[in-house]
Each structure stands twice: as structure tokens, then as C-alpha cells.
Protein chains: 2
Amino acid sequence: MRSKKRALTIQDVAKTAGVSVSTVSRVLNGKDDVASDTQARIMKVIGKMGYTSSLAARSMRSHRKNLIGLVVPDIGFPYSIEIMKGVNRAIAESKFDLLLYTTGDVQKNGTALHEQHYVSLLNNSITDGVLIVASAAAEFITNAPIVAVDPHVINPNYPSVQGMNYQGALAVMEYLMGLGHRRIGFISGRPEIGSALRRLKGYRDALTSAGVAVDEELIKPGDFTQKTACKQASHLLQMDNPPTAIFAANDQSAIGVIEAAEGLGVRIPDDLSVVGFDNISEARYLGLTTVDQFLEEMGYVAMQMLIKLINGETLDLDVHKMQTKLVVRSSCQALTPAY
Amino acid sequence: MRSKKRALTIQDVAKTAGVSVSTVSRVLNGKDDVASDTQARIMKVIGKMGYTSSLAARSMRSHRKNLIGLVVPDIGFPYSIEIMKGVNRAIAESKFDLLLYTTGDVQKNGTALHEQHYVSLLNNSITDGVLIVASAAAEFITNAPIVAVDPHVINPNYPSVQGMNYQGALAVMEYLMGLGHRRIGFISGRPEIGSALRRLKGYRDALTSAGVAVDEELIKPGDFTQKTACKQASHLLQMDNPPTAIFAANDQSAIGVIEAAEGLGVRIPDDLSVVGFDNISEARYLGLTTVDQFLEEMGYVAMQMLIKLINGETLDLDVHKMQTKLVVRSSCQALTPAY
DNA sequence: ATCAATACCGGAAACGTTACCGATATTATT
DNA sequence: AATAATATCGGTAACGTTTCCGGTATTGAT
């Protein structure tokens with residue numbers, strides 16, 4: 001379809017413009033020590049030939065790239081999308097461009113490959129700094145500015161933005177128990193993720209501190225996906241003594257719960273109260289009560305921190321705790337003691 | 001926070017392992033002509049030092065990068081998100097990784113800067129090929145495999161995936177007129193975008209071929225955003241002779257129309273029928289009748305085409321027309337002739 | 001025991017760019 | 001008119017890899 005000619009180099013431009021490579025490089029980088037007429041001539045040649053410099057070569061030699069890397073396990077996750085919106089907003093306000101790096105399906109390839117990919121992008125490469133979302137393994141990175149959103153490890157040795165997952169879960173449980181619920185099911189998130197564990201811990205602690213024994217039968221392992229949650233919720237709802245409320249570790253799981261309830265003819269909120277976590281945009285339309293952890297804001301703040309870091313400024317605080325807020329909608333109801 | 005030491009190079013590894021640079025490179029690339037014990041030793045050193053090769057240097061020297069670039073004007077747009085989901089799916093099935101490139105706010109910087117950014121990424125650089133979404137300006141690219149989704153130009157000189165915007169708009173209008181509507185408002189998209197123009201043309205042609213004169217007053221300029229659409233819809237609804245239906249050029253605009261209607265106490269669908277375009281995920285929850293153009297599938301197909309191109313295969317067809325389908329939900333109603 | 005084949009490894013060039021240093025031509029200074 | 005300062009440019013060395021070529025050891029064959 002198109003002629004597959006060799007890529008143009010700065011040499012080609014120099015040759016046709018009748019100048020040296022250095023001079024072309026100078027006009028390319030806007031240096032002032034080049035005669036205005038030669039500059040104009042070179043610019044014209046560049047335009048005519050359609051030349052652009054190689055990012056690879058450029059960023060190997062010089063060190064400012066105006067490019068920030070964003071590492072996300074999976075675009076497509078509403079969670080990732082919300083964060084990316086904030087990231088995008090910060091980027092738009094800055095002079096940086098964004099280079100997103102994803103390894104596609106996070107389930108498939110284990111963390112090992114994943115990490116290696118990170119590092120190979122970041123370490124000596126193409127970007128001025130990196131924002132990592134919901135992942136472990138930035139321990140290797142020693143030389144590039146880096147900020148993490150929702151790091152899996154609890155105390156990373158790099159700056160991070162973290163949601164207050166424990167407090168958020170506590171708030172949910174207080175709300176649910178305030179409505180009279182005692183048998184509350186829990187669909188957990190992936191256990192290797194710190195935030196998932198903290199939500200689970202909030203669930204447990206809230207129960208015990210309210211004097212309610214934790215029934216392990218009511219805690220079902222999930223993986224943050226709608227599908228798994230749907231399956232697990234079905235199990236919960238078909239127990240002999242089913243829960244009157246289900247707290248799902250994230251909104252997608254909550255949607256799975258709703259799906260399961262619909263499939264079994266269980267009415268929400270009449271027969272079952274459901275709460276999620278994240279407040280993704282779908283939650284509003286579904287009337288899902290959930291906890292907002294301001295994901296968009298997290299992305300925004302994290303990117304601002306990173307930009308500061310890149311500019312050599314120091315951060316006022318290394319870990320930014322993001323507030324959570326219970327968003328009450330219509331998926332919960334007070335329990336009427338029918339027995 | 002962290003020691004800002006210089007980045008490790010292959011030289012450092014070679015030195016501490018007591019071998020030459022070439023040898024390290026060989027084990028790095030899995031060549032077989034290196035003794036198994038030295039290989040093990042080097043691997044251990046690499047692991048211990050936490051070394052990873054520089055993407056910049058590597059991709060400058062060798063030519064296979066296993067990296068595909070995706071250029072999107074704005075993540076955050078539901079439109080972009082849907083396409084990215086499909087892209088992500090194709091990527092997950094392949095051995096490639098994704099490098100997303102965005103210039104943030106597309107409104108701010110004109111196309112000029114935009115294009116330059118493209119090209120500088122693509123041309124001689126970091127990726128094996130590039131997927132461009134909803135944009136003009138890939139004319140410069142001559143040497144890298146490239147595929148466009150929804151290109152702005154009508155007949156690009158590179159492969160592309162295009163929605164059948166004209167037919168989709170026709171279907172909407174037939175549906176609306178089939179319900180008895182004759183005064184149908186239109187909120188257009190950004191005029192520099194080809195697909196927006198084709199939807200407008202579909203609107204016009206459907207009216208005239210049905211013998212209905214086009215009332216230019218009913219056509220309001222939009223820009224694919226909810227906000228603008230809301231404002232324009234308000235104007236439409238406050239006319240002396242307001243439309244009984246509004247066809248918005250995309251779903252976000254349709255949401256803006258709904259917002260305007262709510263603000264003015266206009267009931268949907270009783271007083272006003274609304275149709276969108278795109279079938280983004282929010283549309284389902286809103287009960288918005290719209291046309292599905294299978295954005296996710298477009299991203300998927302486009303990426304598959306690109307991968308074929310990169311692998312040196314030839315495409316069976318250079319422009320893939322994606323079917324559209326009218327999705328009827330609850331935002332429209334037959335017009336009862338009350339006058 | 002000599003020679004050929006092979007396994008393993010190091011040296012050096014190349015990729016496309018930028019940064020530094022210096023050379024020449026032009027202008028200003030006295 | 002001679003010298004100093006400046007403007008403009010070219011040459012060359014990096015940057016960190018990979019690849020090619022060739023050189024030792026080691027092994028096998030006779």
C-alpha cells in the first residue's frame with residue numbers, strides 16, 4: 001500500500017540541506033546559534049521530507065524526554081479507567097505526554113513477567129518518571145522518579161497514593177449494621193493485593209468490635225471480577241441461612257452480586273442489601289450504595305506528585321492518604337426483624 | 001527517599017560478572033553459544049544487581065520491539081475507552097505490549113502539535129507499529145505499519161476500520177420517523193471529524209428522502225461533549241415549535257440532552273424521544289436508544305490488522321467497514337398526534 | 001601426536017542522536 | 001589596520017545496546 005522506504009535520519013536532512021548534522025540538530029532543538037536563513041532553509045527541508053527524530057536515539061542521548069510512563073495492569077477495568085481519567089487531567093495541565101504501558105491480561109502471565117516488563121520500560125529508558133497503578137514490584141527501580149497508586153505492599157519505599165480501604169470498609173459495615181444486618185456476606189478481592197486485604201480486615205474488625213462472631217462461611221473468595229462474584233454470590237444466597245446483606249470488595253463484584261440476585265429472584269434491596277467499593281460510574285445508574293475512594297482524584301494527585309519529583313522538588317508527604325466516603329443509594333434497606 | 005544512583009548499564013553487569021559486554025548481551029537475548037555455567041553466573045549477577053536493559057538503546061540497535069503504539073486523543077472519553085478495551089483484548093492475545101500515547105486535552109492544543117507528537121513517536125522509534133484512533137494526520141508516516149480507527153479523512157492511504165456512520169444515522173431516522181416524528185432535532189459532532197459529518201448527512205438525507213424539509217433551526221452544533229449538548233438541547237427545547245425527538249451525534253451528547261430535558265421538566269420518552277450513537281456502557285443503564293457501532297470490536301479488529309501488517313502478512317481488505325445496529329431501549333415513544 | 005572441528009568468548013563497529021570543542025568568517029573595537 | 005569579540009557552523013565523542021567477525025581453548029578424529 002505504501003512504499004516501505006527506509007526511515008529518514010538526521011543525516012538525510014543534513015545532506016539535502018547541505019549542512020552538517022550538528023546544525024540540523026541545533027535547529028531541531030531550538031538552539032539560537034544558527035543563522036536565521038539557514039534555520040529557515042533547514043526547517044523547510046524537514047517539513048518537505050517529513051522528517052522526525054527518533055525517540056529512541058534522542059532519549060538515549062539526552063535526558064529530558066517530557067514523557068511520563070503509566071503502568072496499568074488492565075485498561076478496561078473501570079477501576080483503571082477512573083484513575084486514568086485523573087492522570088489524564090494532570091497530564092493535560094502539564095507539558096508532559098503520557099506513555100501507557102500495559103501487559104494486557106493480568107490474570108494470564110504471572111507477576112514475574114509483569115515486573116520485568118515494568119522495569120525494562122522504566123529503568124534507563126524512555127520516560128522521565130513512572131506512575132504505577134495497583135501493583136507490587138517497583139522495588140527494583142532505583143534511579144527513576146516513581147509514584148504508586150494503591151501499591152500492593154504496605155510500606156513501599158517510594159511515594160504513593162493510597163485509599164483508606166480499612167476505614168472505608170469500616171464505614172460500610174457500620175452502615176449495614178446500623179440498618180440491623182448481622183449476617184453480612186463478603187466477596188473478597190484478590191488476596192495478593194494489599195487494599196483487598198485491608199477491606200477484608202475492616203469487615204472482620206467491624207463485626208468483632210460489634211460483638212458479632214465472624215462466620216467464615218460468609219466470606220467468599222473473589223477476584224474483583226463480576227463473573228466470579230456472581231458465582232460466589234449464588235453460593236451465598238443458596239445457603240440454608242443466607243446473609244441479609246452482601247459487601248463486595250469492589251463495585252464490579254457488587255454488580256456480580258446483583259446479577260446473581262436477579263438470577264435467583266432475590267429482590268434488592270427488599271431481600272438483600274448490597275454494597276460495593278470504588279464508586280465507578282456505573283454504580284450511579286444502578287443505584288448501588290458504595291464507597292467512593294475518589295479514584296479520579298487519586299490519579300490526579302499521584303501524577304502531580306510525580307511531576308514534582310521529576311522537577312526535582314521534594315514532596316511534603318511521601319504517602320498521600322485519600323479520604324473515602326460512603327455513598328448511600330438505593331441498594332440497601334433496613335432489616336425488618338421478621339423472625 | 002531513594003539513592004539517586006546512576007542507572008546500571010550492561011557494562012556494569014559485564015564488569016562484576018567478569019565477562020565481556022557481548023557475552024552479557026548474548027545471555028540477555030537467549031543466544032545459545034554461551035557456556036551454561038557462565039550463563040547461570042551472569043543471570044545471577046543480573047538478578048542481584050537488578051539490571052534491565054535500556055529500551056531506548058535496545059530499540060535503536062535492533063529492530064524488533066514487541067511493542068505497539070496506540071494513539072488516542074483523550075482517554076476518559078467513553079468512546080476511547082470502548083475501543084481501548086478491544087485493543088487490550090487483542091494485545092492480551094498477542095505477544096505484543098501496548099504503549100499508549102495521548103496528548104491529553106485535545107481541545108487545547110491544535111492538530112499541529114498533535115501530529116508532531118504522533119510522528120515523533122512512530123516514525124523511527126520505539127514501536128513496531130501504530131494504531132491511531134479518531135484522528136487525521138497519519139499522512140507523514142511512511143515506514144511504520146499503521147492502522148487507523150475512524151480516520152478523519154475519508155479515504156486514507158493506510159488501512160483503517162470505519163464505522164458505517166451514514167447507515168447508522170439512516171437507521172435512527174427511519175426508526176424515529178416510523179414512530180411518527182417529523183420535527184427531529186440534531187446535535188452534531190465536531191465538524192472536522194469525518195464520522196460526525198456522515199452522521200449529519202444521514203440525518204439530512206433521511207429527512208429529504210422521506211419528503212420532510214430540513215429545518216436548519218433544528219440542527220445545533222455540538223462537540224461530542226455532554227455539556228455542550230445540554231446547552232444546545234435547552235435551546236432546542238425552548239423553541240416556539242420544539243422538536244418531538246432529538247438525535248444526538250453520540251451517546252455523551254444524548255446524555256446531555258437528557259440532562260437538559262430533566263432541567264426543563266420535559267419527560268422522556270413521553271414528551272421527547274432521544275437517540276444517541278455509540279452504545280457506550282452507560283447507555284444501557286439509562287435506557288438510551290442508540291446505535292451500536294461495536295467500538296470494542298473495532299479496536300479488536302484494528303489491532304489484529306495491525307499485527308498482521310507487522311508480521312509482514314497482507315491484509316485481505318484495506319478498509320474494514322464495521323456494521324452498525326440500532327439498539328432500541330426506552331428513550332423513544334411513538335408520537336401521538338395530539339394536534 | 002598432529003590436525004580439524006567445535007564451543008565459547010572478546011573486540012569493535014554500528015544504530016541516530018546530542019553535546020562539546022574548536023575552526024572559520026564576520027563584525028566590532030581601538 | 002591590526003586585534004578582539006562574536007556569530008555561525010562542522011567534527012567528533014559519547015549514549016547503551018546488538019551483531020558481526022575473529023580468536024583462543026577445548027574436544028574429537030586419525
# chains A, B, ... in the order shown; residues from 1 in each chain; ligands from 1

call {"tool": "closest_atom_pairs", "arguments": {"of": "chain A", "to": "chain C", "cutoff": "12 Å", "atoms": "only C-alpha atoms (C1' of nucleotides)", "output": "tab-separated table"}}
result
residue	atom	partner	partner_atom	distance
A:Ala7	CA	C:DG16	C1'	10.8
A:Leu8	CA	C:DG16	C1'	9.9
A:Thr9	CA	C:DG16	C1'	6.8
A:Ile10	CA	C:DG16	C1'	7.4
A:Gln11	CA	C:DG16	C1'	8.6
A:Asp12	CA	C:DG16	C1'	11.2
A:Val21	CA	C:DT17	C1'	9.4
A:Ser22	CA	C:DT18	C1'	8.2
A:Thr23	CA	C:DT18	C1'	10.9
A:Val24	CA	C:DT18	C1'	10.8
A:Ser25	CA	C:DT18	C1'	7.3
A:Arg26	CA	C:DT18	C1'	8.8
A:Val27	CA	C:DT18	C1'	11.9
A:Leu28	CA	C:DT18	C1'	10.5
A:Asn29	CA	C:DT18	C1'	9.3
A:Lys31	CA	C:DT18	C1'	11.7
A:Thr52	CA	C:DG16	C1'	11.4
A:Ser53	CA	C:DT17	C1'	8.0
A:Ser54	CA	C:DG16	C1'	6.9
A:Leu55	CA	C:DT17	C1'	9.0
A:Ala56	CA	C:DG16	C1'	8.2
A:Ala57	CA	C:DT17	C1'	5.1
A:Arg58	CA	C:DT17	C1'	5.1
A:Ser59	CA	C:DT17	C1'	8.3
A:Met60	CA	C:DT17	C1'	7.8
A:Arg61	CA	C:DT18	C1'	6.0
A:Ser62	CA	C:DT18	C1'	6.2
A:His63	CA	C:DT18	C1'	9.8
A:Arg64	CA	C:DT18	C1'	11.5

call {"tool": "select_by_dssp", "arguments": {"residues": "stretch 59-290 of chain A", "states": "alpha helix (DSSP H)", "output": "MDAnalysis selection string"}}
result
chainID A and resid 59:61 78:93 111:122 165:178 194:209 226:237 251:264 281:286

call {"tool": "atom_distance", "arguments": {"atom1": "atom CA of B:Ile184", "atom2": "atom CA of B:Thr244"}}
result
6.2 Å

call {"tool": "residues_around", "arguments": {"residues": "A:Asn165", "least_positions_apart": "6", "cutoff": "12 Å", "atoms": "only C-alpha atoms (C1' of nucleotides)", "output": "PyMOL selection string"}}
result
chain A and resi 150+154+171-172+193-203+249-250+277-278+291-294+321-326

call {"tool": "write_last_selection", "arguments": {"atoms": "N, CA and C atoms", "output": "PDB file, in the first residue's frame"}}
result
ATOM      1  N   ASP A 150      -2.154   2.913  44.998  1.00  0.00           N
ATOM      2  CA  ASP A 150      -2.583   1.625  45.541  1.00  0.00           C
ATOM      3  C   ASP A 150      -1.513   0.546  45.441  1.00  0.00           C
ATOM      4  N   ILE A 154       2.615  -2.789  51.724  1.00  0.00           N
ATOM      5  CA  ILE A 154       2.013  -1.871  52.686  1.00  0.00           C
ATOM      6  C   ILE A 154       2.870  -0.633  52.908  1.00  0.00           C
ATOM      7  N   ALA A 171     -16.708   1.839  57.530  1.00  0.00           N
ATOM      8  CA  ALA A 171     -17.894   2.684  57.339  1.00  0.00           C
ATOM      9  C   ALA A 171     -19.046   1.877  56.744  1.00  0.00           C
ATOM     10  N   VAL A 172     -18.716   1.047  55.787  1.00  0.00           N
ATOM     11  CA  VAL A 172     -19.743   0.208  55.172  1.00  0.00           C
ATOM     12  C   VAL A 172     -20.391  -0.684  56.217  1.00  0.00           C
ATOM     13  N   ILE A 193      -3.411  -8.557  46.862  1.00  0.00           N
ATOM     14  CA  ILE A 193      -3.496  -7.103  46.776  1.00  0.00           C
ATOM     15  C   ILE A 193      -3.769  -6.517  48.156  1.00  0.00           C
ATOM     16  N   GLY A 194      -2.924  -5.614  48.531  1.00  0.00           N
ATOM     17  CA  GLY A 194      -2.995  -5.056  49.873  1.00  0.00           C
ATOM     18  C   GLY A 194      -4.336  -4.427  50.184  1.00  0.00           C
ATOM     19  N   SER A 195      -4.850  -3.643  49.237  1.00  0.00           N
ATOM     20  CA  SER A 195      -6.091  -2.938  49.508  1.00  0.00           C
ATOM     21  C   SER A 195      -7.241  -3.925  49.719  1.00  0.00           C
ATOM     22  N   ALA A 196      -7.204  -5.032  49.015  1.00  0.00           N
ATOM     23  CA  ALA A 196      -8.246  -6.046  49.182  1.00  0.00           C
ATOM     24  C   ALA A 196      -8.193  -6.619  50.593  1.00  0.00           C
ATOM     25  N   LEU A 197      -7.004  -6.854  51.069  1.00  0.00           N
ATOM     26  CA  LEU A 197      -6.849  -7.409  52.406  1.00  0.00           C
ATOM     27  C   LEU A 197      -7.320  -6.434  53.476  1.00  0.00           C
ATOM     28  N   ARG A 198      -7.052  -5.158  53.238  1.00  0.00           N
ATOM     29  CA  ARG A 198      -7.444  -4.177  54.231  1.00  0.00           C
ATOM     30  C   ARG A 198      -8.969  -4.025  54.292  1.00  0.00           C
ATOM     31  N   ARG A 199      -9.605  -4.202  53.148  1.00  0.00           N
ATOM     32  CA  ARG A 199     -11.067  -4.155  53.170  1.00  0.00           C
ATOM     33  C   ARG A 199     -11.619  -5.346  53.947  1.00  0.00           C
ATOM     34  N   LEU A 200     -10.999  -6.477  53.722  1.00  0.00           N
ATOM     35  CA  LEU A 200     -11.426  -7.682  54.441  1.00  0.00           C
ATOM     36  C   LEU A 200     -11.217  -7.517  55.945  1.00  0.00           C
ATOM     37  N   LYS A 201     -10.079  -6.944  56.270  1.00  0.00           N
ATOM     38  CA  LYS A 201      -9.793  -6.733  57.693  1.00  0.00           C
ATOM     39  C   LYS A 201     -10.821  -5.781  58.310  1.00  0.00           C
ATOM     40  N   GLY A 202     -11.193  -4.758  57.554  1.00  0.00           N
ATOM     41  CA  GLY A 202     -12.220  -3.841  58.034  1.00  0.00           C
ATOM     42  C   GLY A 202     -13.524  -4.575  58.288  1.00  0.00           C
ATOM     43  N   TYR A 203     -13.859  -5.443  57.374  1.00  0.00           N
ATOM     44  CA  TYR A 203     -15.065  -6.259  57.514  1.00  0.00           C
ATOM     45  C   TYR A 203     -15.014  -7.061  58.806  1.00  0.00           C
ATOM     46  N   ALA A 249     -16.106  -6.535  47.585  1.00  0.00           N
ATOM     47  CA  ALA A 249     -14.839  -5.821  47.729  1.00  0.00           C
ATOM     48  C   ALA A 249     -14.648  -4.729  46.684  1.00  0.00           C
ATOM     49  N   ASN A 250     -15.394  -4.784  45.605  1.00  0.00           N
ATOM     50  CA  ASN A 250     -15.386  -3.664  44.658  1.00  0.00           C
ATOM     51  C   ASN A 250     -16.713  -3.634  43.906  1.00  0.00           C
ATOM     52  N   PHE A 277     -17.624  -1.101  46.401  1.00  0.00           N
ATOM     53  CA  PHE A 277     -16.466  -0.291  46.773  1.00  0.00           C
ATOM     54  C   PHE A 277     -15.851   0.254  45.479  1.00  0.00           C
ATOM     55  N   ASP A 278     -15.632   1.532  45.449  1.00  0.00           N
ATOM     56  CA  ASP A 278     -14.948   2.227  44.335  1.00  0.00           C
ATOM     57  C   ASP A 278     -15.760   3.398  43.790  1.00  0.00           C
ATOM     58  N   VAL A 291     -18.616   2.812  48.361  1.00  0.00           N
ATOM     59  CA  VAL A 291     -17.772   3.823  48.963  1.00  0.00           C
ATOM     60  C   VAL A 291     -16.884   4.446  47.886  1.00  0.00           C
ATOM     61  N   ASP A 292     -16.963   5.741  47.856  1.00  0.00           N
ATOM     62  CA  ASP A 292     -16.187   6.495  46.887  1.00  0.00           C
ATOM     63  C   ASP A 292     -14.784   6.655  47.436  1.00  0.00           C
ATOM     64  N   GLN A 293     -13.815   6.199  46.685  1.00  0.00           N
ATOM     65  CA  GLN A 293     -12.447   6.457  47.138  1.00  0.00           C
ATOM     66  C   GLN A 293     -11.762   7.438  46.204  1.00  0.00           C
ATOM     67  N   PHE A 294     -12.554   8.128  45.425  1.00  0.00           N
ATOM     68  CA  PHE A 294     -12.041   9.229  44.619  1.00  0.00           C
ATOM     69  C   PHE A 294     -10.864   8.792  43.741  1.00  0.00           C
ATOM     70  N   LYS A 321      -2.721   9.834  51.809  1.00  0.00           N
ATOM     71  CA  LYS A 321      -3.892   9.007  52.123  1.00  0.00           C
ATOM     72  C   LYS A 321      -5.129   9.692  51.570  1.00  0.00           C
ATOM     73  N   MET A 322      -5.854   8.964  50.767  1.00  0.00           N
ATOM     74  CA  MET A 322      -7.036   9.555  50.165  1.00  0.00           C
ATOM     75  C   MET A 322      -8.270   9.193  50.978  1.00  0.00           C
ATOM     76  N   GLN A 323      -9.022  10.214  51.283  1.00  0.00           N
ATOM     77  CA  GLN A 323     -10.241  10.033  52.049  1.00  0.00           C
ATOM     78  C   GLN A 323     -11.223   9.102  51.317  1.00  0.00           C
ATOM     79  N   THR A 324     -12.060   8.430  52.058  1.00  0.00           N
ATOM     80  CA  THR A 324     -13.158   7.686  51.424  1.00  0.00           C
ATOM     81  C   THR A 324     -14.485   8.246  51.925  1.00  0.00           C
ATOM     82  N   LYS A 325     -15.510   7.967  51.177  1.00  0.00           N
ATOM     83  CA  LYS A 325     -16.815   8.492  51.566  1.00  0.00           C
ATOM     84  C   LYS A 325     -17.895   7.492  51.175  1.00  0.00           C
ATOM     85  N   LEU A 326     -18.728   7.157  52.121  1.00  0.00           N
ATOM     86  CA  LEU A 326     -19.820   6.229  51.843  1.00  0.00           C
ATOM     87  C   LEU A 326     -20.883   6.944  51.021  1.00  0.00           C
TER      88      LEU A 326
END

call {"tool": "residues_around", "arguments": {"residues": "stretch 80-89 of chain A", "least_positions_apart": "6", "cutoff": "9 Å", "atoms": "only C-alpha atoms (C1' of nucleotides)", "output": "MDAnalysis selection string"}}
result
(chainID A and resid 70 72:74 98 133:134 149 280:281 294:304) or (chainID B and resid 74:77 81 102:105)

call {"tool": "write_last_selection", "arguments": {"atoms": "C-alpha atoms", "output": "compact mmCIF listing (two decimals), in the first residue's frame"}}
result
# COMPACT_ATOMS: atom_id res chain seq x y z
CA LEU A 70 1.90 4.93 33.29
CA VAL A 72 -1.63 -0.24 34.45
CA PRO A 73 -2.41 -3.92 34.71
CA ASP A 74 -5.52 -3.80 32.59
CA LEU A 98 1.72 10.09 28.61
CA VAL A 133 -1.11 1.54 39.47
CA ALA A 134 -2.14 -1.29 41.71
CA VAL A 149 -1.24 4.35 43.29
CA ILE A 280 -17.33 3.58 39.46
CA SER A 281 -19.60 5.47 37.11
CA PHE A 294 -12.04 9.23 44.62
CA LEU A 295 -10.10 7.22 42.12
CA GLU A 296 -10.01 10.02 39.62
CA GLU A 297 -8.55 12.28 42.26
CA MET A 298 -6.04 9.63 43.23
CA GLY A 299 -4.75 9.51 39.71
CA TYR A 300 -4.61 13.27 39.56
CA VAL A 301 -2.78 13.69 42.82
CA ALA A 302 -0.35 10.91 42.08
CA MET A 303 0.56 12.43 38.77
CA GLN A 304 1.11 15.78 40.37
CA ASP B 74 -8.28 11.55 25.11
CA ILE B 75 -8.60 8.67 27.47
CA GLY B 76 -11.57 9.39 29.61
CA PHE B 77 -13.89 9.62 26.66
CA ILE B 81 -12.42 3.54 26.45
CA THR B 102 -2.07 10.61 24.32
CA THR B 103 -1.73 14.33 24.21
CA GLY B 104 -4.21 14.87 26.97
CA ASP B 105 -6.76 17.53 26.30

call {"tool": "closest_residue", "arguments": {"among": "B:Gly256, B:Ser331, B:Glu174, B:Ile307", "to": "B:Ala90", "atoms": "only C-alpha atoms"}}
result
B:Ile307

call {"tool": "interface_residues", "arguments": {"of": "chain D", "to": "chain B", "cutoff": "7 Å", "atoms": "only C-alpha atoms (C1' of nucleotides)", "output": "list in words"}}
result
DG16, DT17 and DT18 of chain D

call {"tool": "select_by_dssp", "arguments": {"residues": "stretch 112-334 of chain B", "states": "strand (DSSP E or B)", "output": "VMD selection string"}}
result
chain B and resid 129 to 133 146 to 149 160 to 163 184 to 187 219 to 220 245 to 248 273 to 275 278 289 to 292 319 to 322 325 to 327

call {"tool": "residues_around", "arguments": {"residues": "A:Arg267", "least_positions_apart": "2", "cutoff": "12 Å", "atoms": "only C-alpha atoms (C1' of nucleotides)", "output": "list in words"}}
result
Leu237, Thr244, Ala245, Val257, Ile258, Glu259, Ala260, Ala261, Glu262, Gly263, Leu264, Gly265, Pro269, Asp270, Asp271, Leu272, Ser273, Val274, Ser331, Cys332 and Gln333 of chain A

call {"tool": "write_last_selection", "arguments": {"atoms": "N, CA and C atoms", "output": "PDB file, in the first residue's frame"}}
result
ATOM      1  N   LEU A 237     -26.252 -16.996  48.499  1.00  0.00           N
ATOM      2  CA  LEU A 237     -27.704 -16.835  48.552  1.00  0.00           C
ATOM      3  C   LEU A 237     -28.429 -18.161  48.650  1.00  0.00           C
ATOM      4  N   THR A 244     -28.245 -11.477  54.881  1.00  0.00           N
ATOM      5  CA  THR A 244     -29.251 -10.468  54.528  1.00  0.00           C
ATOM      6  C   THR A 244     -28.617  -9.289  53.805  1.00  0.00           C
ATOM      7  N   ALA A 245     -27.307  -9.278  53.816  1.00  0.00           N
ATOM      8  CA  ALA A 245     -26.589  -8.221  53.102  1.00  0.00           C
ATOM      9  C   ALA A 245     -25.274  -8.790  52.589  1.00  0.00           C
ATOM     10  N   VAL A 257     -22.957  -9.544  42.211  1.00  0.00           N
ATOM     11  CA  VAL A 257     -23.912  -9.939  43.248  1.00  0.00           C
ATOM     12  C   VAL A 257     -25.333  -9.640  42.794  1.00  0.00           C
ATOM     13  N   ILE A 258     -25.501  -8.456  42.234  1.00  0.00           N
ATOM     14  CA  ILE A 258     -26.828  -8.064  41.745  1.00  0.00           C
ATOM     15  C   ILE A 258     -27.299  -9.026  40.665  1.00  0.00           C
ATOM     16  N   GLU A 259     -26.387  -9.379  39.817  1.00  0.00           N
ATOM     17  CA  GLU A 259     -26.704 -10.312  38.742  1.00  0.00           C
ATOM     18  C   GLU A 259     -27.166 -11.657  39.315  1.00  0.00           C
ATOM     19  N   ALA A 260     -26.436 -12.117  40.312  1.00  0.00           N
ATOM     20  CA  ALA A 260     -26.797 -13.391  40.932  1.00  0.00           C
ATOM     21  C   ALA A 260     -28.172 -13.303  41.578  1.00  0.00           C
ATOM     22  N   ALA A 261     -28.404 -12.174  42.238  1.00  0.00           N
ATOM     23  CA  ALA A 261     -29.688 -11.984  42.917  1.00  0.00           C
ATOM     24  C   ALA A 261     -30.827 -12.019  41.904  1.00  0.00           C
ATOM     25  N   GLU A 262     -30.637 -11.320  40.808  1.00  0.00           N
ATOM     26  CA  GLU A 262     -31.656 -11.323  39.764  1.00  0.00           C
ATOM     27  C   GLU A 262     -31.918 -12.736  39.274  1.00  0.00           C
ATOM     28  N   GLY A 263     -30.837 -13.459  39.086  1.00  0.00           N
ATOM     29  CA  GLY A 263     -30.976 -14.829  38.584  1.00  0.00           C
ATOM     30  C   GLY A 263     -31.759 -15.720  39.536  1.00  0.00           C
ATOM     31  N   LEU A 264     -31.672 -15.423  40.815  1.00  0.00           N
ATOM     32  CA  LEU A 264     -32.338 -16.279  41.803  1.00  0.00           C
ATOM     33  C   LEU A 264     -33.659 -15.692  42.281  1.00  0.00           C
ATOM     34  N   GLY A 265     -34.039 -14.589  41.702  1.00  0.00           N
ATOM     35  CA  GLY A 265     -35.294 -13.978  42.112  1.00  0.00           C
ATOM     36  C   GLY A 265     -35.216 -13.298  43.465  1.00  0.00           C
ATOM     37  N   PRO A 269     -33.551  -3.795  47.147  1.00  0.00           N
ATOM     38  CA  PRO A 269     -32.937  -4.098  48.445  1.00  0.00           C
ATOM     39  C   PRO A 269     -33.850  -4.891  49.394  1.00  0.00           C
ATOM     40  N   ASP A 270     -35.050  -5.254  48.925  1.00  0.00           N
ATOM     41  CA  ASP A 270     -36.020  -5.861  49.832  1.00  0.00           C
ATOM     42  C   ASP A 270     -35.481  -7.120  50.510  1.00  0.00           C
ATOM     43  N   ASP A 271     -34.955  -8.041  49.713  1.00  0.00           N
ATOM     44  CA  ASP A 271     -34.490  -9.292  50.291  1.00  0.00           C
ATOM     45  C   ASP A 271     -32.990  -9.274  50.600  1.00  0.00           C
ATOM     46  N   LEU A 272     -32.297  -8.395  49.931  1.00  0.00           N
ATOM     47  CA  LEU A 272     -30.844  -8.380  50.089  1.00  0.00           C
ATOM     48  C   LEU A 272     -30.302  -6.966  49.924  1.00  0.00           C
ATOM     49  N   SER A 273     -29.469  -6.559  50.846  1.00  0.00           N
ATOM     50  CA  SER A 273     -28.771  -5.282  50.703  1.00  0.00           C
ATOM     51  C   SER A 273     -27.393  -5.533  50.104  1.00  0.00           C
ATOM     52  N   VAL A 274     -26.980  -4.657  49.224  1.00  0.00           N
ATOM     53  CA  VAL A 274     -25.689  -4.832  48.554  1.00  0.00           C
ATOM     54  C   VAL A 274     -24.889  -3.535  48.647  1.00  0.00           C
ATOM     55  N   SER A 331     -29.482   0.544  47.209  1.00  0.00           N
ATOM     56  CA  SER A 331     -29.316  -0.905  47.174  1.00  0.00           C
ATOM     57  C   SER A 331     -29.325  -1.526  48.569  1.00  0.00           C
ATOM     58  N   CYS A 332     -29.635  -0.717  49.564  1.00  0.00           N
ATOM     59  CA  CYS A 332     -29.684  -1.250  50.920  1.00  0.00           C
ATOM     60  C   CYS A 332     -30.998  -0.862  51.599  1.00  0.00           C
ATOM     61  N   GLN A 333     -31.370  -1.677  52.539  1.00  0.00           N
ATOM     62  CA  GLN A 333     -32.616  -1.429  53.251  1.00  0.00           C
ATOM     63  C   GLN A 333     -32.468  -1.899  54.696  1.00  0.00           C
TER      64      GLN A 333
END

call {"tool": "residues_around", "arguments": {"residues": "B:Val45", "least_positions_apart": "2", "cutoff": "8 Å", "atoms": "only C-alpha atoms (C1' of nucleotides)", "output": "ChimeraX atom specification"}}
result
/B:13,16-17,41-43,47-49

call {"tool": "atom_distance", "arguments": {"atom1": "atom CA of B:Arg284", "atom2": "atom CA of B:Val161"}}
result
24.6 Å

call {"tool": "atom_distance", "arguments": {"atom1": "atom CA of B:Asp240", "atom2": "atom CA of B:Ala213"}}
result
17.9 Å

call {"tool": "closest_residue", "arguments": {"among": "B:Tyr101, B:Phe247, B:Tyr51, B:Phe96", "to": "chain A", "atoms": "only C-alpha atoms"}}
result
B:Tyr101
